[in-house]
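Asker: My questions all concern the structure below.
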Amino acid sequence: MVEIVLPGSKITSGIIKADGTYIENDSTYASVVGIFDEEKRHFIPLEGLWYPKEGDRVVGTIVTRRISAYVVDLNSPYKGIIMTKFEHSRLEEGDIIEATVREFKEFDDAMVVVLTRPKRLFGGVLLNIKPTKVPRVIGKGNTMIDQITQATKCSIIVGLNGTVWLKGGDINLATEAIKTIELQAHVSGLTDKIKNMLEKKGK
Amino acid sequence: MQKPELIKDGKRLDGRDFEELRPLKIVAGIIKNATGSAYLEWGNNKVLAAVYGPKEVLPKHLADPEKAIVKCRYAMAPFSSLEEHGRAGPNRRATEISKVTKEVFENLIMLEKFPSTEIDIFIEILQSDGGTRSAGITAAGVALADSGIPIRDIPFAVAGGKIGDKLAIDFNKIEDNYSDADIPIAISPNLDRVLLLQMDGKMTKEEFSRYLDMVERVSKQIISAQKNALLEKYKVNG
């Protein structure tokens, strides 16, 4: 039985550790809107925000260059920084980069996301989606994203922070596909639905 | 000023029973730019609620390195009111309601998850007909659930009180102005906690406990309207 649960409602007695839940008196409650699969005892949040974790691949834009660091906009309440001491790539204001989260820590009286191994992405456009929908856009074993890449000949990089970079090929169709996935992330059989959509509109 | 008669032939002025709510309709997620939003119509009340954040705190010195801070703005639109029931613009009344609403949500949002950020809640009263602070909290609860900001529960609120020797729920503007006691109350149904309780006028202890029972009986309707608003959003897209 799969059902939509709302914040504050009891998911199950017993403890399940998942994003978007909290535990009180040995029972698990939802803190965001999500789907609970009773058989698999699995909770998937439908709404939610990105919590920076070590190793997350993200996409962002360079906002400014300070003396010792680049400041990166990550479409999140927290700013990303790249320490110039450790990274030797030359970046400019406005550059789009892909990078890995090294740390999430307090710095200069604010919480910042310390990024490492930045890779500059040339050209292309950015698209913001809800961070909770990112796993669905990528699909199990990259099936969804591969399918879109093949049909539209578009290079796509999906950051876990919800920023998507697209370049080349049929960008409009790829954008439409990603937006559809974002809206219908809770619907089952989405991979086939997107496949049909891409085939129909790709010609 | 002459007090109008609020009860005629055992019914209220608008023909409702004492324990009958005005028609309630909520739509979730109607402001696309906001992190979460809701539109509510409760009788003649029309309310928009929007939630933004978490985002960087401005001005910076307000930031709390251990948790997020909540900012709340309750405002009535200049065209919202009937006669003199609350005027537009920042005034004593709006400031008070903003404060009590903020405290309702500070107790529900998991603030510790977002250190040194702020969460903004905006409640805009487009048309007012009594009980707007309750309507605002009910709408903002849905807006928060829609936003994905983790909360412990979705609160609801309702205002009622005493007319003569009768208790009644969900006051409209005229009942609000001339009743003997007016009590807005906000409750977190799953946590079973009262988050806001204010009172104008007088009421005995026994009447108050009967009033609480009455609130509990009507609460199901408000909660189900909130639930439907959120579930509807996924039905439309699916």
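Quick note on naming: the chains in the structure tokens go A, B, ... in the order shown, residues restart at 1 in each chain, and ligands are numbered from 1 in order of appearance.
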For chain B, which residues have at least one atom within 6 Å of chain A, if we go by only C-alpha atoms? Write them as a list in words, please.
Answerer: Pro54, Lys55, Glu56, Gly148, Pro150, Ile151, Arg152, Asp153, Asn237 and Gly238 of chain B
Asker: Write out as a list of chain:residue names which residues come within 8 Å of Ile82 (chain A) when counting only C-alpha atoms, dropping same-chain ones fewer than 2 positions away.
Answerer: A:Ala69, A:Tyr70, A:Val71, A:Val72, A:Gly80, A:Thr84, A:Glu87, A:Val114, A:Leu115, A:Thr116, A:Pro118
Asker: Name the residues in contact with region 161-173 of chain A at a cut-off of 8 Å, using only C-alpha atoms, excluding same-chain residues fewer than 3 positions from it; report them as an MDAnalysis selection string.
Answerer: chainID A and resid 50 52 58:60 74:76 123:134 152:158 176:177 198 201:202
Asker: Please give the complete set of residues from region 22-234 of chain B that DSSP, run on the backbone, assigns to strand (DSSP E or B), formatted as a VMD selection string.
Answerer: chain B and resid 24 to 28 36 to 42 45 to 55 64 67 69 to 76 109 118 to 127 151 156 to 163 166 to 169 181 to 188 193 to 197 200 to 201
Asker: Check chain A with DSSP on the backbone and list each residue it calls alpha helix (DSSP H), as a PyMOL selection string.
Answerer: chain A and resi 134-138+143-152+171-183+190-202
Asker: Pick out the residues sitting within 10 Å of Ile154 (chain B), and hand them over as a list in words; count only C-alpha atoms, and ignore anything fewer than 6 positions along from it in its own chain.
Answerer: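 Returned residues: Leu6, Pro7, Gly8, Ser9, Ser31 and Val32 of chain A; Phe105, Leu108, Ile109, Ile137, Thr138, Ala139, Ala140, Gly141, Val142, Ala143, Leu144, Ala145, Ile187, Ser188, Pro189, Asn190, Leu191, Ile223, Gln226 and Lys227 of chain B.
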Asker: Name all residues at most 8 Å from Glu54 (chain A) (count only C-alpha atoms; drop same-chain ones fewer than 2 positions away) and give them as a PyMOL selection string.
Answerer: chain A and resi 52+56+100-104
Asker: Write out, as an mmCIF file, in the first residue's frame, the residues just selected, with N, CA and C atoms.
Answerer:
```
data_model
loop_
_atom_site.group_PDB
_atom_site.id
_atom_site.type_symbol
_atom_site.label_atom_id
_atom_site.label_comp_id
_atom_site.auth_asym_id
_atom_site.auth_seq_id
_atom_site.Cartn_x
_atom_site.Cartn_y
_atom_site.Cartn_z
ATOM 1 N N PRO A 52 23.311 20.087 2.556
ATOM 2 C CA PRO A 52 24.631 19.792 2.002
ATOM 3 C C PRO A 52 25.283 18.618 2.744
ATOM 4 N N ASP A 56 28.572 15.442 -2.190
ATOM 5 C CA ASP A 56 27.500 15.792 -3.128
ATOM 6 C C ASP A 56 28.079 16.529 -4.331
ATOM 7 N N THR A 100 32.352 19.412 -6.031
ATOM 8 C CA THR A 100 31.986 18.434 -4.999
ATOM 9 C C THR A 100 32.017 19.117 -3.636
ATOM 10 N N VAL A 101 31.064 18.761 -2.782
ATOM 11 C CA VAL A 101 31.046 19.327 -1.439
ATOM 12 C C VAL A 101 32.117 18.637 -0.590
ATOM 13 N N ARG A 102 33.001 19.457 -0.002
ATOM 14 C CA ARG A 102 34.006 18.859 0.861
ATOM 15 C C ARG A 102 33.580 18.926 2.326
ATOM 16 N N GLU A 103 32.933 20.031 2.670
ATOM 17 C CA GLU A 103 32.574 20.260 4.059
ATOM 18 C C GLU A 103 31.409 21.214 4.120
ATOM 19 N N PHE A 104 30.650 21.130 5.203
ATOM 20 C CA PHE A 104 29.593 22.099 5.468
ATOM 21 C C PHE A 104 29.891 22.632 6.852
#
```
Asker: Can you tell me how far CA of Pro135 (chain A) sits from CA of Ile149 (chain B), in Å to one decimal?
Answerer: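 Going from CA of Pro135 (chain A) over to CA of Ile149 (chain B) covers 18.7 Å.
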